Amino acid sequence: MSEPLWRDRRFATYWVGQGISQFGDRITGLALPLIAVTTLHAGATTVGLLTAAVWAPNLLSLFVGAWVDHHVRKRRLLILADLLRCAVLLTLPVAHLVGAITLGQLFAVALVAGLGQVLYQTAYPSFFVGLVRRDQFVEANSLLSGTRSASFVAGPAVAGGLVQAVTAPMAMLVDAVTFAVSAVLIGRVKVPDLPVDGAEGTSLLRRARDGMGLVLHDAYLRAALACATTINLFNLMAGALVVLYASRQLGMSAGLIGLALGIGATGGLLGTVLAGPLSRRIGIGRTIAVGAVVFSAPFALMPLAQGPMWARAGVVAAVELVSSVGVMCLDIPLNALMTAVTPDGVRSRVTGAFSTVNYGIRPAGAVLGGVVGEWIGLRPTMVVAAVGGSLSVLWLLWSPVISTRTLDDLRGATISSPA
């Protein structure tokens with residue numbers, strides 16, 4: 001019986017740093033739209049556009065990933081990404097102290113922070129496979145996802161209280177500090193440098209095109225991309241409006257919103273516990289399919305948030321709880337599957353291509369949510385998003401993903417360049 005992964009010093013150091021920055025992210029996730037809604041009096045369309053700005057840099061992931069693939073030392077890029085996000089977030093409390101916060105600055109911060117996230121997520125896969133063995137992929141993803149889920153439990157409640165105590169812009173200072181701490185801890189984790197793909201002299205555009213070809217020509221990645229992109233389009237329609245809906249239509253305070261979201265996020269912890277056993281019982285592919293539906297469908301219940309304040313907050317918490325179970329049952333086995341079928345030399349390129357479409361659709365979803373929310377109302381928009389996101393499972397039913405039971409089934413299924 002091998003030693004639990006959390007006892008490995010290298011992994012534990014990275015795990016702590018990742019957990020700290022995840023908790024900081026929960027502050028920004030609540031504080032940024034609240035600055036727009038409460039300080040600058042933004043409406044649904046503006047909030048949707050602000051959420052879109054956070055995700056818009058993912059449209060560059062295809063090229064960032066191709067560039068990252070030719071940098072051997074991915075750990076340095078992770079550190080750079082953390083420091084970039086730290087610096088840009090610090091501008092908000094500074095601007096607040098001099099009374100100069102504007103919508104333009106909020107959009108600029110969202111875009112630059114989003115670019116830092118793109119750099120991080122494209123460099124991360126190669127760092128990850130240097131940190132853990134293949135047989136530890138599911139365990140490592142479960143631990144990392146568990147920390148993320150824990151941040152969604154305590155983070156929003158702490159963020160809500162912090163926002164009420166020191167204002168939303170000053171709360172952003174805490175997130176900036178968490179990125180600095182993460183950068184220091186990543187700097188202490190030594191991992192072997194993986195080989196690049198050997199395409200020296202090939203143009204960035206050619207490498208980016210090849211990366212997209214690798215994704216689109218592989219049956220596993222193609223189905224995973226179609227499913228995840230459909231989910232992200234519709235879930236961002238709903239997700240971009242949750243804070244606005246809870247604040248303006250339900251009359252919930254920042255502290256109560258944070259508490260409801262924190263209670264709901266306990267479902268993520270449950271999901272990290274269930275994902276592994278469920279994958280072993282019904283198979284990785286079917287667990288991914290179950291997660292896709294359970295992640296999206298609960299948003300249809302959001303219009304039930306009526307009556308006394310405790311009932312409204314309870315519905316928001318319940319929707320978030322069930323959805324959080326689903327996202328963990330989707331993400332943990334899906335990330336393990338994608339890692340298993342992708343060769344070392346093109347991990348950043350494949351991740352970049354995947355993210356360009358998968359995350360690149362999120363700005364469209366956020367904007368669409370704002371527009372549809374203004375047109376038919378916030379409650380009907382939640383129902384539309386729930387139905388559309390649930391239909392994402394159809395992409396998996398027509399692919400080899402659904403029949404995959406274990407990672408051993410994928411041996412020999414490693415992708416290769418398209419002809």
# chains A, B, ... in the order shown; residues from 1 in each chain; ligands from 1
$ residues_around --residues "Gln249 of chain A" --least-positions-apart "3" --cutoff "10 Å" --atoms "only C-alpha atoms" --output "PDB file with N, CA, C and O atoms, in the first residue's frame"
ATOM      1  N   VAL A 243     -25.051  36.670  -8.079  1.00  0.00           N
ATOM      2  CA  VAL A 243     -24.860  37.728  -7.085  1.00  0.00           C
ATOM      3  C   VAL A 243     -25.870  38.848  -7.294  1.00  0.00           C
ATOM      4  O   VAL A 243     -26.480  39.353  -6.338  1.00  0.00           O
ATOM      5  N   LEU A 244     -26.079  39.250  -8.549  1.00  0.00           N
ATOM      6  CA  LEU A 244     -27.061  40.289  -8.856  1.00  0.00           C
ATOM      7  C   LEU A 244     -28.461  39.861  -8.442  1.00  0.00           C
ATOM      8  O   LEU A 244     -29.215  40.620  -7.825  1.00  0.00           O
ATOM      9  N   TYR A 245     -28.832  38.615  -8.760  1.00  0.00           N
ATOM     10  CA  TYR A 245     -30.146  38.071  -8.426  1.00  0.00           C
ATOM     11  C   TYR A 245     -30.363  38.047  -6.915  1.00  0.00           C
ATOM     12  O   TYR A 245     -31.400  38.493  -6.399  1.00  0.00           O
ATOM     13  N   ALA A 246     -29.352  37.557  -6.191  1.00  0.00           N
ATOM     14  CA  ALA A 246     -29.472  37.461  -4.740  1.00  0.00           C
ATOM     15  C   ALA A 246     -29.500  38.835  -4.085  1.00  0.00           C
ATOM     16  O   ALA A 246     -30.247  39.059  -3.123  1.00  0.00           O
ATOM     17  N   MET A 252     -30.869  40.091  -0.459  1.00  0.00           N
ATOM     18  CA  MET A 252     -29.898  39.515   0.477  1.00  0.00           C
ATOM     19  C   MET A 252     -28.692  40.434   0.630  1.00  0.00           C
ATOM     20  O   MET A 252     -28.221  41.023  -0.338  1.00  0.00           O
ATOM     21  N   ALA A 305     -36.880  30.597  -4.979  1.00  0.00           N
ATOM     22  CA  ALA A 305     -36.388  31.431  -3.875  1.00  0.00           C
ATOM     23  C   ALA A 305     -37.360  32.574  -3.614  1.00  0.00           C
ATOM     24  O   ALA A 305     -37.241  33.663  -4.183  1.00  0.00           O
ATOM     25  N   GLN A 306     -38.331  32.323  -2.773  1.00  0.00           N
ATOM     26  CA  GLN A 306     -39.345  33.314  -2.416  1.00  0.00           C
ATOM     27  C   GLN A 306     -39.659  33.181  -0.933  1.00  0.00           C
ATOM     28  O   GLN A 306     -39.135  32.311  -0.248  1.00  0.00           O
ATOM     29  N   LEU A 378     -34.568  37.505 -14.657  1.00  0.00           N
ATOM     30  CA  LEU A 378     -33.511  36.661 -14.101  1.00  0.00           C
ATOM     31  C   LEU A 378     -33.983  35.238 -13.821  1.00  0.00           C
ATOM     32  O   LEU A 378     -33.254  34.276 -14.066  1.00  0.00           O
ATOM     33  N   ARG A 379     -35.201  35.069 -13.317  1.00  0.00           N
ATOM     34  CA  ARG A 379     -35.678  33.730 -12.978  1.00  0.00           C
ATOM     35  C   ARG A 379     -35.818  32.840 -14.213  1.00  0.00           C
ATOM     36  O   ARG A 379     -35.310  31.704 -14.219  1.00  0.00           O
TER      37      ARG A 379
END
$ closest_residue --among "A:Ser253, A:Ser403, A:Ser324, A:Asn235" --to "Leu391 of chain A" --atoms "only C-alpha atoms"
A:Asn235
$ residues_around --residues "Thr404 of chain A" --least-positions-apart "6" --cutoff "10 Å" --atoms "only C-alpha atoms" --output "list in words"
Tyr220, Ser279, Ile282, Gly283, Ile284, Gly285, Arg286, Thr287, Leu337 and Leu410 of chain A
$ write_last_selection --atoms "C-alpha atoms" --output "compact mmCIF listing (two decimals), in the first residue's frame"
# COMPACT_ATOMS: atom_id res chain seq x y z
CA TYR A 220 -11.89 11.54 -26.17
CA SER A 279 -15.76 6.30 -10.69
CA ILE A 282 -19.86 2.87 -12.38
CA GLY A 283 -16.75 3.87 -14.33
CA ILE A 284 -14.99 7.13 -15.11
CA GLY A 285 -17.08 7.88 -18.20
CA ARG A 286 -20.46 7.44 -16.54
CA THR A 287 -19.35 9.48 -13.54
CA LEU A 337 -8.84 11.25 -18.34
CA LEU A 410 -6.81 4.42 -22.03
$ select_by_dssp --residues "segment 77-323 of chain A" --states "helix (DSSP H, G or I)" --output "VMD selection string"
chain A and resid 77 to 97 103 to 131 134 to 166 168 to 186 204 to 217 219 to 239 242 to 249 254 to 264 266 to 282 284 to 304 309 to 323
$ closest_residue --among "A:Thr339, A:Thr266, A:Ser399, A:Ser390" --to "Asp135 of chain A" --atoms "only C-alpha atoms"
A:Thr339
